[in-house]
$ cat model14.pdb   # PDB, C-alpha atoms, pLDDT in the B column
ATOM      1  CA  MET A   1      -9.020   9.641  20.987  1.00 51.00           C
ATOM      2  CA  ARG A   2     -10.708  12.955  21.719  1.00 54.00           C
ATOM      3  CA  PRO A   3      -9.952  16.295  20.075  1.00 50.00           C
ATOM      4  CA  THR A   4      -7.372  18.563  21.613  1.00 48.00           C
ATOM      5  CA  ASN A   5      -8.328  22.088  22.737  1.00 50.00           C
ATOM      6  CA  VAL A   6     -10.618  23.679  20.140  1.00 51.00           C
ATOM      7  CA  ASN A   7      -7.982  26.363  19.515  1.00 48.00           C
ATOM      8  CA  LEU A   8      -5.263  23.813  18.809  1.00 75.00           C
ATOM      9  CA  LEU A   9      -6.508  21.508  16.047  1.00 91.00           C
ATOM     10  CA  LYS A  10      -3.779  19.518  14.312  1.00 95.00           C
ATOM     11  CA  VAL A  11      -4.261  18.427  10.697  1.00 97.00           C
ATOM     12  CA  LEU A  12      -2.477  15.508   9.033  1.00 98.00           C
ATOM     13  CA  VAL A  13      -2.361  15.273   5.230  1.00 98.00           C
ATOM     14  CA  PRO A  14      -1.103  11.944   3.827  1.00 97.00           C
ATOM     15  CA  ILE A  15       0.232  12.276   0.260  1.00 97.00           C
ATOM     16  CA  LYS A  16       1.672   9.911  -2.352  1.00 96.00           C
ATOM     17  CA  ARG A  17       4.252  10.115  -5.131  1.00 94.00           C
ATOM     18  CA  THR A  18       2.849   8.727  -8.404  1.00 93.00           C
ATOM     19  CA  ILE A  19       3.630   8.835 -12.090  1.00 89.00           C
ATOM     20  CA  ASP A  20       2.660  12.300 -13.318  1.00 89.00           C
ATOM     21  CA  TYR A  21      -0.927  12.427 -14.556  1.00 88.00           C
ATOM     22  CA  ALA A  22       0.176  13.875 -17.921  1.00 87.00           C
ATOM     23  CA  VAL A  23       2.587  11.014 -18.677  1.00 86.00           C
ATOM     24  CA  LYS A  24       1.477   8.271 -21.060  1.00 85.00           C
ATOM     25  CA  ILE A  25       1.704   4.984 -19.184  1.00 81.00           C
ATOM     26  CA  ARG A  26       3.922   2.309 -20.737  1.00 83.00           C
ATOM     27  CA  VAL A  27       3.635  -1.397 -19.921  1.00 82.00           C
ATOM     28  CA  SER A  28       6.682  -3.635 -20.248  1.00 79.00           C
ATOM     29  CA  ASN A  29       6.997  -7.323 -19.322  1.00 76.00           C
ATOM     30  CA  GLY A  30       3.679  -7.307 -17.523  1.00 73.00           C
ATOM     31  CA  GLN A  31       4.546  -4.299 -15.350  1.00 77.00           C
ATOM     32  CA  VAL A  32       4.071  -0.532 -15.545  1.00 80.00           C
ATOM     33  CA  GLU A  33       7.340   1.100 -16.587  1.00 77.00           C
ATOM     34  CA  THR A  34       8.459   3.532 -13.868  1.00 79.00           C
ATOM     35  CA  ASN A  35      12.151   4.039 -14.650  1.00 80.00           C
ATOM     36  CA  ASN A  36      13.063   7.409 -16.139  1.00 79.00           C
ATOM     37  CA  VAL A  37       9.418   8.501 -15.900  1.00 84.00           C
ATOM     38  CA  LYS A  38       8.326  11.831 -14.429  1.00 89.00           C
ATOM     39  CA  HIS A  39       6.707  11.520 -10.998  1.00 89.00           C
ATOM     40  CA  SER A  40       4.766  14.099  -9.006  1.00 93.00           C
ATOM     41  CA  MET A  41       2.254  14.401  -6.201  1.00 96.00           C
ATOM     42  CA  ASN A  42      -0.949  12.434  -6.750  1.00 95.00           C
ATOM     43  CA  PRO A  43      -3.585  14.976  -7.970  1.00 95.00           C
ATOM     44  CA  PHE A  44      -6.103  14.012  -5.262  1.00 96.00           C
ATOM     45  CA  CYS A  45      -3.376  14.544  -2.653  1.00 97.00           C
ATOM     46  CA  GLU A  46      -2.764  18.059  -3.992  1.00 97.00           C
ATOM     47  CA  ILE A  47      -6.460  18.769  -3.446  1.00 97.00           C
ATOM     48  CA  ALA A  48      -6.165  17.493   0.139  1.00 97.00           C
ATOM     49  CA  VAL A  49      -3.181  19.765   0.862  1.00 97.00           C
ATOM     50  CA  GLU A  50      -5.009  22.729  -0.660  1.00 97.00           C
ATOM     51  CA  GLU A  51      -8.116  22.060   1.432  1.00 97.00           C
ATOM     52  CA  ALA A  52      -6.112  21.841   4.651  1.00 97.00           C
ATOM     53  CA  VAL A  53      -4.444  25.171   3.877  1.00 97.00           C
ATOM     54  CA  ARG A  54      -7.778  26.797   2.997  1.00 97.00           C
ATOM     55  CA  LEU A  55      -9.352  25.575   6.224  1.00 96.00           C
ATOM     56  CA  ARG A  56      -6.472  27.057   8.197  1.00 95.00           C
ATOM     57  CA  GLU A  57      -6.757  30.358   6.310  1.00 95.00           C
ATOM     58  CA  LYS A  58     -10.449  30.492   7.227  1.00 94.00           C
ATOM     59  CA  HIS A  59     -10.033  29.247  10.806  1.00 92.00           C
ATOM     60  CA  LYS A  60      -6.689  30.648  11.913  1.00 89.00           C
ATOM     61  CA  SER A  61      -7.623  30.445  15.593  1.00 88.00           C
ATOM     62  CA  LEU A  62      -8.562  26.766  15.335  1.00 92.00           C
ATOM     63  CA  ILE A  63      -5.891  25.117  13.188  1.00 93.00           C
ATOM     64  CA  THR A  64      -2.360  25.675  14.365  1.00 90.00           C
ATOM     65  CA  SER A  65      -0.449  23.049  12.398  1.00 94.00           C
ATOM     66  CA  ILE A  66      -0.627  21.160   9.135  1.00 97.00           C
ATOM     67  CA  THR A  67       1.655  18.160   8.674  1.00 97.00           C
ATOM     68  CA  ALA A  68       2.210  16.361   5.369  1.00 98.00           C
ATOM     69  CA  ILE A  69       3.274  12.722   5.500  1.00 97.00           C
ATOM     70  CA  THR A  70       4.311  10.164   2.898  1.00 97.00           C
ATOM     71  CA  LEU A  71       5.586   6.594   2.737  1.00 95.00           C
ATOM     72  CA  GLY A  72       7.969   6.326  -0.147  1.00 93.00           C
ATOM     73  CA  PRO A  73      11.520   6.177  -1.489  1.00 94.00           C
ATOM     74  CA  PRO A  74      14.072   8.971  -0.998  1.00 95.00           C
ATOM     75  CA  LYS A  75      12.750  10.768  -4.100  1.00 94.00           C
ATOM     76  CA  ALA A  76       9.369  11.166  -2.363  1.00 94.00           C
ATOM     77  CA  LEU A  77      10.951  14.038  -0.439  1.00 96.00           C
ATOM     78  CA  ASP A  78      10.175  16.180  -3.510  1.00 95.00           C
ATOM     79  CA  ILE A  79       6.415  15.951  -3.013  1.00 96.00           C
ATOM     80  CA  LEU A  80       6.793  16.744   0.682  1.00 97.00           C
ATOM     81  CA  ARG A  81       8.644  19.912  -0.289  1.00 96.00           C
ATOM     82  CA  THR A  82       5.805  20.726  -2.677  1.00 96.00           C
ATOM     83  CA  ALA A  83       3.267  20.321   0.134  1.00 97.00           C
ATOM     84  CA  LEU A  84       5.404  22.528   2.382  1.00 97.00           C
ATOM     85  CA  ALA A  85       5.580  25.159  -0.355  1.00 97.00           C
ATOM     86  CA  MET A  86       1.782  25.057  -0.677  1.00 96.00           C
ATOM     87  CA  GLY A  87       1.384  25.859   3.017  1.00 96.00           C
ATOM     88  CA  ALA A  88       2.034  22.818   5.223  1.00 97.00           C
ATOM     89  CA  ASP A  89       4.144  23.566   8.312  1.00 96.00           C
ATOM     90  CA  GLN A  90       6.176  20.378   8.621  1.00 97.00           C
ATOM     91  CA  ALA A  91       6.466  16.957   7.065  1.00 97.00           C
ATOM     92  CA  ILE A  92       7.102  13.331   7.973  1.00 98.00           C
ATOM     93  CA  HIS A  93       8.887  10.985   5.563  1.00 97.00           C
ATOM     94  CA  VAL A  94       8.609   7.264   6.275  1.00 96.00           C
ATOM     95  CA  GLU A  95      11.382   6.203   3.938  1.00 96.00           C
ATOM     96  CA  VAL A  96      11.380   2.856   2.138  1.00 94.00           C
ATOM     97  CA  LYS A  97      13.688   1.469  -0.527  1.00 92.00           C
ATOM     98  CA  GLU A  98      13.061   2.324  -4.173  1.00 88.00           C
ATOM     99  CA  GLY A  99      10.678  -0.204  -5.689  1.00 83.00           C
ATOM    100  CA  THR A 100       9.154  -1.271  -2.365  1.00 86.00           C
ATOM    101  CA  ILE A 101       5.456  -2.054  -2.702  1.00 87.00           C
ATOM    102  CA  VAL A 102       3.494  -0.495   0.158  1.00 91.00           C
ATOM    103  CA  GLU A 103      -0.086  -1.732   0.187  1.00 93.00           C
ATOM    104  CA  PRO A 104      -3.047   0.341   1.474  1.00 94.00           C
ATOM    105  CA  LEU A 105      -3.329  -1.630   4.735  1.00 94.00           C
ATOM    106  CA  ALA A 106       0.319  -0.937   5.595  1.00 94.00           C
ATOM    107  CA  VAL A 107      -0.135   2.760   4.761  1.00 96.00           C
ATOM    108  CA  ALA A 108      -3.223   2.974   6.978  1.00 96.00           C
ATOM    109  CA  LYS A 109      -1.411   1.255   9.859  1.00 96.00           C
ATOM    110  CA  ALA A 110       1.507   3.680   9.532  1.00 96.00           C
ATOM    111  CA  LEU A 111      -0.855   6.642   9.594  1.00 97.00           C
ATOM    112  CA  GLN A 112      -2.641   5.193  12.622  1.00 97.00           C
ATOM    113  CA  LYS A 113       0.659   5.007  14.518  1.00 96.00           C
ATOM    114  CA  VAL A 114       1.534   8.616  13.636  1.00 97.00           C
ATOM    115  CA  VAL A 115      -1.942   9.921  14.511  1.00 97.00           C
ATOM    116  CA  GLU A 116      -1.852   8.210  17.890  1.00 96.00           C
ATOM    117  CA  ARG A 117       1.734   9.284  18.535  1.00 96.00           C
ATOM    118  CA  ASP A 118       1.264  12.972  17.718  1.00 95.00           C
ATOM    119  CA  GLY A 119      -2.415  13.480  18.556  1.00 94.00           C
ATOM    120  CA  TYR A 120      -3.935  14.690  15.278  1.00 96.00           C
ATOM    121  CA  ASP A 121      -7.594  15.698  15.188  1.00 93.00           C
ATOM    122  CA  PHE A 122      -8.272  15.872  11.473  1.00 96.00           C
ATOM    123  CA  VAL A 123      -6.905  13.670   8.677  1.00 97.00           C
ATOM    124  CA  VAL A 124      -7.610  14.819   5.124  1.00 97.00           C
ATOM    125  CA  LEU A 125      -6.303  12.807   2.165  1.00 96.00           C
ATOM    126  CA  GLY A 126      -7.035  12.122  -1.480  1.00 95.00           C
ATOM    127  CA  LYS A 127      -9.853   9.660  -2.165  1.00 95.00           C
ATOM    128  CA  GLN A 128      -7.483   7.519  -4.268  1.00 94.00           C
ATOM    129  CA  ALA A 129      -4.078   7.405  -5.929  1.00 93.00           C
ATOM    130  CA  ILE A 130      -4.025   7.439  -9.716  1.00 90.00           C
ATOM    131  CA  ASP A 131      -1.538   4.571  -9.903  1.00 88.00           C
ATOM    132  CA  ASP A 132      -3.457   1.767  -8.163  1.00 86.00           C
ATOM    133  CA  ASP A 133      -6.915   3.420  -7.833  1.00 88.00           C
ATOM    134  CA  ALA A 134      -7.410   1.401  -4.634  1.00 90.00           C
ATOM    135  CA  SER A 135      -9.382   4.084  -2.751  1.00 91.00           C
ATOM    136  CA  GLN A 136      -8.859   2.150   0.490  1.00 94.00           C
ATOM    137  CA  VAL A 137      -6.527   4.052   2.813  1.00 96.00           C
ATOM    138  CA  GLY A 138      -9.068   6.579   4.103  1.00 96.00           C
ATOM    139  CA  GLY A 139     -11.668   3.981   5.017  1.00 95.00           C
ATOM    140  CA  VAL A 140      -9.182   1.537   6.553  1.00 97.00           C
ATOM    141  CA  LEU A 141      -7.572   4.329   8.598  1.00 97.00           C
ATOM    142  CA  ALA A 142     -10.959   5.468   9.942  1.00 97.00           C
ATOM    143  CA  GLY A 143     -11.720   1.867  10.901  1.00 97.00           C
ATOM    144  CA  LEU A 144      -8.402   1.400  12.690  1.00 97.00           C
ATOM    145  CA  LEU A 145      -8.841   4.651  14.622  1.00 97.00           C
ATOM    146  CA  GLY A 146     -12.553   4.183  15.283  1.00 96.00           C
ATOM    147  CA  TRP A 147     -13.230   7.637  13.808  1.00 97.00           C
ATOM    148  CA  PRO A 148     -16.123   8.808  11.634  1.00 96.00           C
ATOM    149  CA  GLN A 149     -15.288   9.304   7.962  1.00 96.00           C
ATOM    150  CA  ALA A 150     -16.592  11.162   4.916  1.00 95.00           C
ATOM    151  CA  ASN A 151     -15.333  10.000   1.527  1.00 94.00           C
ATOM    152  CA  PHE A 152     -15.430  11.797  -1.858  1.00 95.00           C
ATOM    153  CA  ALA A 153     -15.793  15.250  -0.305  1.00 95.00           C
ATOM    154  CA  SER A 154     -16.780  18.109  -2.625  1.00 95.00           C
ATOM    155  CA  LYS A 155     -17.245  20.647   0.206  1.00 95.00           C
ATOM    156  CA  VAL A 156     -15.837  20.789   3.733  1.00 95.00           C
ATOM    157  CA  GLU A 157     -17.025  23.197   6.428  1.00 95.00           C
ATOM    158  CA  LEU A 158     -15.391  23.280   9.841  1.00 94.00           C
ATOM    159  CA  GLY A 159     -17.570  24.505  12.698  1.00 91.00           C
ATOM    160  CA  ASP A 160     -16.554  27.770  14.353  1.00 87.00           C
ATOM    161  CA  ASP A 161     -15.978  25.959  17.645  1.00 87.00           C
ATOM    162  CA  GLY A 162     -13.744  23.353  15.997  1.00 87.00           C
ATOM    163  CA  LYS A 163     -15.865  20.486  17.332  1.00 89.00           C
ATOM    164  CA  LYS A 164     -17.837  19.514  14.223  1.00 93.00           C
ATOM    165  CA  VAL A 165     -17.266  19.289  10.489  1.00 94.00           C
ATOM    166  CA  LYS A 166     -19.892  19.261   7.726  1.00 96.00           C
ATOM    167  CA  VAL A 167     -19.004  17.491   4.483  1.00 96.00           C
ATOM    168  CA  ALA A 168     -20.849  17.335   1.171  1.00 95.00           C
ATOM    169  CA  ARG A 169     -20.090  13.966  -0.464  1.00 94.00           C
ATOM    170  CA  GLU A 170     -20.207  13.058  -4.141  1.00 90.00           C
ATOM    171  CA  ILE A 171     -22.625  10.147  -4.618  1.00 89.00           C
ATOM    172  CA  ASP A 172     -24.369   8.636  -7.628  1.00 88.00           C
ATOM    173  CA  GLY A 173     -27.015  11.095  -8.750  1.00 85.00           C
ATOM    174  CA  GLY A 174     -26.139  13.984  -6.457  1.00 88.00           C
ATOM    175  CA  LEU A 175     -24.662  14.991  -3.109  1.00 91.00           C
ATOM    176  CA  GLU A 176     -24.998  13.721   0.437  1.00 94.00           C
ATOM    177  CA  THR A 177     -24.232  16.064   3.336  1.00 95.00           C
ATOM    178  CA  VAL A 178     -23.031  14.608   6.626  1.00 95.00           C
ATOM    179  CA  GLU A 179     -22.056  16.250   9.913  1.00 96.00           C
ATOM    180  CA  MET A 180     -19.539  14.623  12.253  1.00 95.00           C
ATOM    181  CA  ASP A 181     -17.812  15.269  15.545  1.00 94.00           C
ATOM    182  CA  LEU A 182     -14.038  15.602  15.462  1.00 94.00           C
ATOM    183  CA  PRO A 183     -11.715  13.726  15.220  1.00 95.00           C
ATOM    184  CA  VAL A 184     -12.500  12.699  11.626  1.00 96.00           C
ATOM    185  CA  VAL A 185     -11.070  11.299   8.401  1.00 97.00           C
ATOM    186  CA  VAL A 186     -12.059  13.040   5.145  1.00 97.00           C
ATOM    187  CA  THR A 187     -11.094  12.001   1.608  1.00 96.00           C
ATOM    188  CA  THR A 188     -11.176  14.564  -1.193  1.00 96.00           C
ATOM    189  CA  ASP A 189     -12.851  14.474  -4.600  1.00 94.00           C
ATOM    190  CA  LEU A 190     -11.918  16.442  -7.725  1.00 92.00           C
ATOM    191  CA  ARG A 191     -14.546  19.160  -7.352  1.00 91.00           C
ATOM    192  CA  LEU A 192     -13.488  20.165  -3.840  1.00 94.00           C
ATOM    193  CA  ASN A 193     -11.042  22.873  -4.940  1.00 95.00           C
ATOM    194  CA  GLU A 194      -8.389  23.961  -7.432  1.00 95.00           C
ATOM    195  CA  PRO A 195      -4.899  23.516  -5.914  1.00 96.00           C
ATOM    196  CA  ARG A 196      -2.687  26.591  -5.892  1.00 93.00           C
ATOM    197  CA  TYR A 197       0.696  26.822  -7.552  1.00 91.00           C
ATOM    198  CA  ALA A 198       3.549  27.224  -5.105  1.00 89.00           C
ATOM    199  CA  SER A 199       5.252  30.590  -5.514  1.00 90.00           C
ATOM    200  CA  LEU A 200       9.039  30.835  -5.794  1.00 93.00           C
ATOM    201  CA  PRO A 201       9.418  32.511  -2.362  1.00 93.00           C
ATOM    202  CA  ASN A 202       7.345  29.734  -0.759  1.00 94.00           C
ATOM    203  CA  ILE A 203       9.392  27.073  -2.559  1.00 94.00           C
ATOM    204  CA  MET A 204      12.538  28.614  -1.061  1.00 94.00           C
ATOM    205  CA  LYS A 205      10.943  28.798   2.408  1.00 94.00           C
ATOM    206  CA  ALA A 206       9.887  25.144   2.145  1.00 94.00           C
ATOM    207  CA  LYS A 207      13.538  24.098   2.065  1.00 93.00           C
ATOM    208  CA  LYS A 208      13.906  25.354   5.641  1.00 95.00           C
ATOM    209  CA  LYS A 209      10.782  23.715   7.042  1.00 96.00           C
ATOM    210  CA  PRO A 210      11.343  20.599   9.193  1.00 96.00           C
ATOM    211  CA  VAL A 211      11.030  17.093   7.724  1.00 97.00           C
ATOM    212  CA  GLU A 212      11.086  14.194  10.186  1.00 97.00           C
ATOM    213  CA  LYS A 213      12.703  11.046   8.801  1.00 96.00           C
ATOM    214  CA  LEU A 214      11.374   7.689   9.951  1.00 96.00           C
ATOM    215  CA  LYS A 215      11.950   4.066   9.028  1.00 95.00           C
ATOM    216  CA  PRO A 216       9.167   1.459   8.910  1.00 94.00           C
ATOM    217  CA  THR A 217      10.757  -0.193  11.950  1.00 94.00           C
ATOM    218  CA  ASP A 218      10.313   3.043  13.919  1.00 95.00           C
ATOM    219  CA  LEU A 219       6.559   2.527  13.587  1.00 94.00           C
ATOM    220  CA  ASP A 220       6.749  -1.258  13.988  1.00 93.00           C
ATOM    221  CA  LEU A 221       5.397  -1.744  10.463  1.00 92.00           C
ATOM    222  CA  ASP A 222       5.236  -4.978   8.508  1.00 90.00           C
ATOM    223  CA  LEU A 223       5.419  -4.113   4.799  1.00 90.00           C
ATOM    224  CA  THR A 224       5.220  -7.712   3.587  1.00 89.00           C
ATOM    225  CA  PRO A 225       2.861  -7.668   0.559  1.00 88.00           C
ATOM    226  CA  ARG A 226      -0.384  -9.566   1.004  1.00 88.00           C
ATOM    227  CA  LEU A 227      -1.358  -9.275  -2.653  1.00 85.00           C
ATOM    228  CA  GLU A 228       0.412 -10.383  -5.817  1.00 83.00           C
ATOM    229  CA  THR A 229       0.007  -8.639  -9.162  1.00 82.00           C
ATOM    230  CA  ILE A 230      -0.058 -11.436 -11.729  1.00 83.00           C
ATOM    231  CA  ASN A 231       0.027  -9.330 -14.873  1.00 83.00           C
ATOM    232  CA  VAL A 232      -0.565  -5.828 -16.195  1.00 83.00           C
ATOM    233  CA  THR A 233      -1.667  -5.243 -19.780  1.00 83.00           C
ATOM    234  CA  ALA A 234      -2.132  -2.037 -21.708  1.00 80.00           C
ATOM    235  CA  PRO A 235      -5.591  -1.338 -23.166  1.00 81.00           C
ATOM    236  CA  PRO A 236      -5.981  -2.161 -26.865  1.00 82.00           C
ATOM    237  CA  ALA A 237      -4.978   0.623 -29.251  1.00 80.00           C
ATOM    238  CA  ARG A 238      -7.883   2.701 -30.476  1.00 78.00           C
ATOM    239  CA  GLN A 239      -8.708   2.418 -34.146  1.00 77.00           C
ATOM    240  CA  GLY A 240      -8.778   5.539 -36.262  1.00 75.00           C
ATOM    241  CA  GLY A 241     -12.111   7.156 -37.105  1.00 75.00           C
ATOM    242  CA  ALA A 242     -13.551   7.809 -40.536  1.00 75.00           C
ATOM    243  CA  LYS A 243     -15.318  10.834 -41.985  1.00 82.00           C
ATOM    244  CA  VAL A 244     -18.728  10.404 -43.568  1.00 81.00           C
ATOM    245  CA  GLY A 245     -20.539  12.762 -45.879  1.00 83.00           C
ATOM    246  CA  SER A 246     -24.177  12.069 -45.069  1.00 88.00           C
ATOM    247  CA  VAL A 247     -26.621  10.445 -42.672  1.00 88.00           C
ATOM    248  CA  ASP A 248     -27.066   7.563 -45.085  1.00 86.00           C
ATOM    249  CA  GLU A 249     -23.345   6.827 -44.897  1.00 87.00           C
ATOM    250  CA  VAL A 250     -23.527   6.864 -41.083  1.00 86.00           C
ATOM    251  CA  VAL A 251     -26.374   4.346 -41.153  1.00 87.00           C
ATOM    252  CA  ALA A 252     -24.493   2.175 -43.649  1.00 86.00           C
ATOM    253  CA  LYS A 253     -21.349   2.198 -41.492  1.00 83.00           C
ATOM    254  CA  LEU A 254     -23.338   1.274 -38.389  1.00 85.00           C
ATOM    255  CA  LYS A 255     -24.969  -1.616 -40.217  1.00 86.00           C
ATOM    256  CA  GLU A 256     -21.537  -2.693 -41.434  1.00 84.00           C
ATOM    257  CA  ALA A 257     -20.316  -2.751 -37.846  1.00 79.00           C
ATOM    258  CA  GLY A 258     -23.317  -4.789 -36.775  1.00 82.00           C
ATOM    259  CA  VAL A 259     -24.626  -2.046 -34.472  1.00 79.00           C
ATOM    260  CA  LEU A 260     -27.894  -1.671 -36.384  1.00 76.00           C
TER     261      LEU A 260
END
$ encode --input "model14.pdb" --output "structure tokens"
Amino acid sequence: MRPTNVNLLKVLVPIKRTIDYAVKIRVSNGQVETNNVKHSMNPFCEIAVEEAVRLREKHKSLITSITAITLGPPKALDILRTALAMGADQAIHVEVKEGTIVEPLAVAKALQKVVERDGYDFVVLGKQAIDDDASQVGGVLAGLLGWPQANFASKVELGDDGKKVKVAREIDGGLETVEMDLPVVVTTDLRLNEPRYASLPNIMKAKKKPVEKLKPTDLDLDLTPRLETINVTAPPARQGGAKVGSVDEVVAKLKEAGVL
């Protein structure tokens, strides 16, 4: 696919509903307990929404629409409303039953279908979700579309003509800067920005913004899991610390522990 007119760039922001980052995870019967647990938008997805809005604020003549999209149960509508309140123009909800496992490959295929259907030029999404930490959707989507990609972005600069984007990537030991022709896929890292809080007026306006409802069958998706989670275990409880009164006591404790 080639970009649309430089004055009519369309941005797609995939987001995910996860257990809230501040909630202490509980494991029961080999599975993460999700019932009666607070959920919210994945933090990396919030950064992606914020970056899309900031790019539009800076390049008003280039970006005319921002669409948020999620694959999730009916309750996932809440995070779409949050994205709309932050500045997205419309949303797409591919609704699945509560408890349905949607693997990264299926998500990427769904996004591919939507990108090709609606003609998006720029896909920006979180580098990973904090529930499975897979960090796969961005790369798989770029591969399916045949688009260039930049993962772990800490800075994104859109060219004034809307034809190129420059991205600074977080890598071991520093940053790598890459420049790509649109259309592109970019995944966001923590240091890219600080997401805004949605104001009450914008939250009210978000309720009137359009949300397109789709079913997996509308996109000809096969959600059959290809992976099986055998077991989930919680990390061992941390042991309490102990106060020491001198360096000699520290050395003695270390020797006791077999460290020295």
$ atom_distance --input "model14.pdb" --atom1 "CA of His93 (chain A)" --atom2 "CA of Pro216 (chain A)"
10.1 Å
$ resolve_selection --input "model14.pdb" --expression "the PyMOL selection byres ((chain A and resi 162) around 12)" --output "number ranges by chain"
A: 3-11, 55-56, 58-64, 121-122, 157-161, 163-166, 180-184
$ atom_distance --input "model14.pdb" --atom1 "CA of Pro104 (chain A)" --atom2 "CA of Ala76 (chain A)"
16.9 Å
$ atom_distance --input "model14.pdb" --atom1 "CA of Met41 (chain A)" --atom2 "CA of Pro14 (chain A)"
10.9 Å
$ closest_residue --input "model14.pdb" --among "A:Val211, A:Glu33, A:Glu176, A:Val94" --to "Lys113 (chain A)" --atoms "all atoms listed in the file"
A:Val94
$ resolve_selection --input "model14.pdb" --expression "the PyMOL selection byres ((chain A and resi 198) around 12)" --output "number ranges by chain"
A: 46, 49-50, 79, 81-88, 195-197, 199-206
$ resolve_selection --input "model14.pdb" --expression "the PyMOL selection byres ((chain A and resi 73) around 10)" --output "list of chain:residue names"
A:Arg17, A:Thr70, A:Leu71, A:Gly72, A:Pro74, A:Lys75, A:Ala76, A:Leu77, A:His93, A:Val94, A:Glu95, A:Val96, A:Lys97, A:Glu98, A:Gly99, A:Thr100
$ residues_around --input "model14.pdb" --residues "region 29-32 of chain A" --least-positions-apart "6" --cutoff "8 Å" --atoms "all atoms listed in the file" --output "PyMOL selection string"
chain A and resi 231-233
$ residues_around --input "model14.pdb" --residues "His39 (chain A)" --least-positions-apart "5" --cutoff "8 Å" --atoms "only C-alpha atoms" --output "list in words"
Arg17, Thr18, Ile19 and Asp20 of chain A
$ write_last_selection --input "model14.pdb" --atoms "C-alpha atoms" --output "mmCIF file, in the coordinates of the input"
data_model
loop_
_atom_site.group_PDB
_atom_site.id
_atom_site.type_symbol
_atom_site.label_atom_id
_atom_site.label_comp_id
_atom_site.auth_asym_id
_atom_site.auth_seq_id
_atom_site.Cartn_x
_atom_site.Cartn_y
_atom_site.Cartn_z
ATOM 1 C CA ARG A 17 4.252 10.115 -5.131
ATOM 2 C CA THR A 18 2.849 8.727 -8.404
ATOM 3 C CA ILE A 19 3.630 8.835 -12.090
ATOM 4 C CA ASP A 20 2.660 12.300 -13.318
#
